[in-house]
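J.: To start, I am sharing the structure in question, which I have written as structure tokens.
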Amino acid sequence: MSETDNDHAVLRWPTAQARQQACASLCAHIADGFSLESYPDADRKTIRYYAEQFPEDFLAEKLEEAARRGLLEWEQIGKAGARGELSKFNASAWSLNMKNRAGWRDRSEVEAFGILGGPDEIQKIDTLKPRSSHEIALGVMALLTQEDSTKE
């Protein structure tokens, strides 16, 4: 951040009371399920500056709690949608939202059931996956041509 950015950021909320009000407003915004990027009073860079420069006014615990509450808001939407309690609920859109918002991802059956210990074992089992008919045909052709070449 340049000096002019710092001056601008400091002037935005110059007092501890103003900063604490800004933090409360930001926390309410996030707890309602909205992202930091959509906060209308400041951008991510400004919020980060204040959180670093004024940790006593932008308490990490409050920001973390707000993030958990916001995630809870979205999970409650998903739960209600899955129960059929929300008309026009779009499970695919909700799932994509959660993948982007909360870092969710699809897991393979091996990961989901915890059968193998780690990534190395998962790579090993990859060789045992069912093959397509095209891959099988190529393998059979390789075996057949290998047999023919050894007979000659």
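Starting from 1 in every chain, residues are counted up; chains themselves are A, B, ... following the order of the structure tokens, and ligands are numbered from 1 as listed.
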Can you tell me, as a list of chain:residue names, what residues are no more than 9 Å from Glu73 (chain A) when counting only C-alpha atoms, ignoring any on the same chain fewer than 5 positions away?
T.: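 Everything that qualifies: A:Ala31, A:Asp32, A:Gly33, A:Arg68, A:Gly78.
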J.: Find the residues around Ala66 (chain A) up to 8 Å (only C-alpha atoms counted), leave out those fewer than 6 positions away in its own chain, and share them as a list of chain:residue names.
T.: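 In the requested format, the answer is A:Cys27, A:Ala28, A:Ile30, A:Ala31.
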J.: Could you save the residues just selected, with N, CA and C atoms, as a PDB file, in the first residue's frame?
T.:
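See again_15.pdb below for the written result:
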```pdb
ATOM      1  N   CYS A  27     -18.828  -7.021  10.475  1.00  0.00           N
ATOM      2  CA  CYS A  27     -19.181  -8.324  11.059  1.00  0.00           C
ATOM      3  C   CYS A  27     -20.640  -8.668  10.784  1.00  0.00           C
ATOM      4  N   ALA A  28     -21.536  -7.695  10.899  1.00  0.00           N
ATOM      5  CA  ALA A  28     -22.955  -7.939  10.618  1.00  0.00           C
ATOM      6  C   ALA A  28     -23.141  -8.330   9.151  1.00  0.00           C
ATOM      7  N   ILE A  30     -20.936  -9.784   7.109  1.00  0.00           N
ATOM      8  CA  ILE A  30     -20.395 -11.130   6.885  1.00  0.00           C
ATOM      9  C   ILE A  30     -21.285 -12.187   7.545  1.00  0.00           C
ATOM     10  N   ALA A  31     -21.766 -11.902   8.762  1.00  0.00           N
ATOM     11  CA  ALA A  31     -22.614 -12.856   9.477  1.00  0.00           C
ATOM     12  C   ALA A  31     -23.936 -13.092   8.754  1.00  0.00           C
TER      13      ALA A  31
END
```
J.: Find the residues near Phe58 (chain A): any atom within 9 Å, counting only C-alpha atoms, skip ones fewer than 2 places away on the same chain, and give them as a list in words.
T.: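 With the cut-off at 9 Å, the set is Arg19, Gln20, Ala22, Cys23, Ala24, Ile47, Tyr50, Ala51, Glu52, Gln53, Phe54, Pro55, Glu56, Ala60, Glu61, Lys62 and Leu63 of chain A.
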J.: Do a neighbour search on Gly81 (chain A) at 9 Å with only C-alpha atoms, toss out local chain neighbours closer than 6 positions, and write the hits as a PDB file with C-alpha atoms, in the first residue's frame.
T.:
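As written to disk, part-v6.pdb reads:
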```pdb
ATOM      1  CA  SER A  87     -39.341 -23.449  -3.256  1.00  0.00           C
ATOM      2  CA  LYS A  88     -37.174 -23.196  -6.360  1.00  0.00           C
ATOM      3  CA  PHE A  89     -34.055 -24.249  -4.408  1.00  0.00           C
ATOM      4  CA  ASN A  90     -31.249 -24.978  -6.859  1.00  0.00           C
ATOM      5  CA  ALA A  91     -28.966 -27.570  -5.286  1.00  0.00           C
TER       6      ALA A  91
END
```
J.: Could you please determine the separation between CA of Asp41 (chain A) and CA of Leu26 (chain A) in Å, to one decimal place?
T.: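 Between CA of Asp41 (chain A) and CA of Leu26 (chain A) the gap works out to 8.4 Å.
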J.: For a test of reading the model, state the distance in Å between CA of Glu65 (chain A) and CA of Pro14 (chain A), rounded to one decimal.
T.: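 Going from CA of Glu65 (chain A) over to CA of Pro14 (chain A), I get 24.8 Å.
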J.: Grab the CA of Asp43 (chain A) to CA of Ala93 (chain A) distance for me, in Å with one decimal place.
T.: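 Separation between CA of Asp43 (chain A) and CA of Ala93 (chain A): 25.8 Å.
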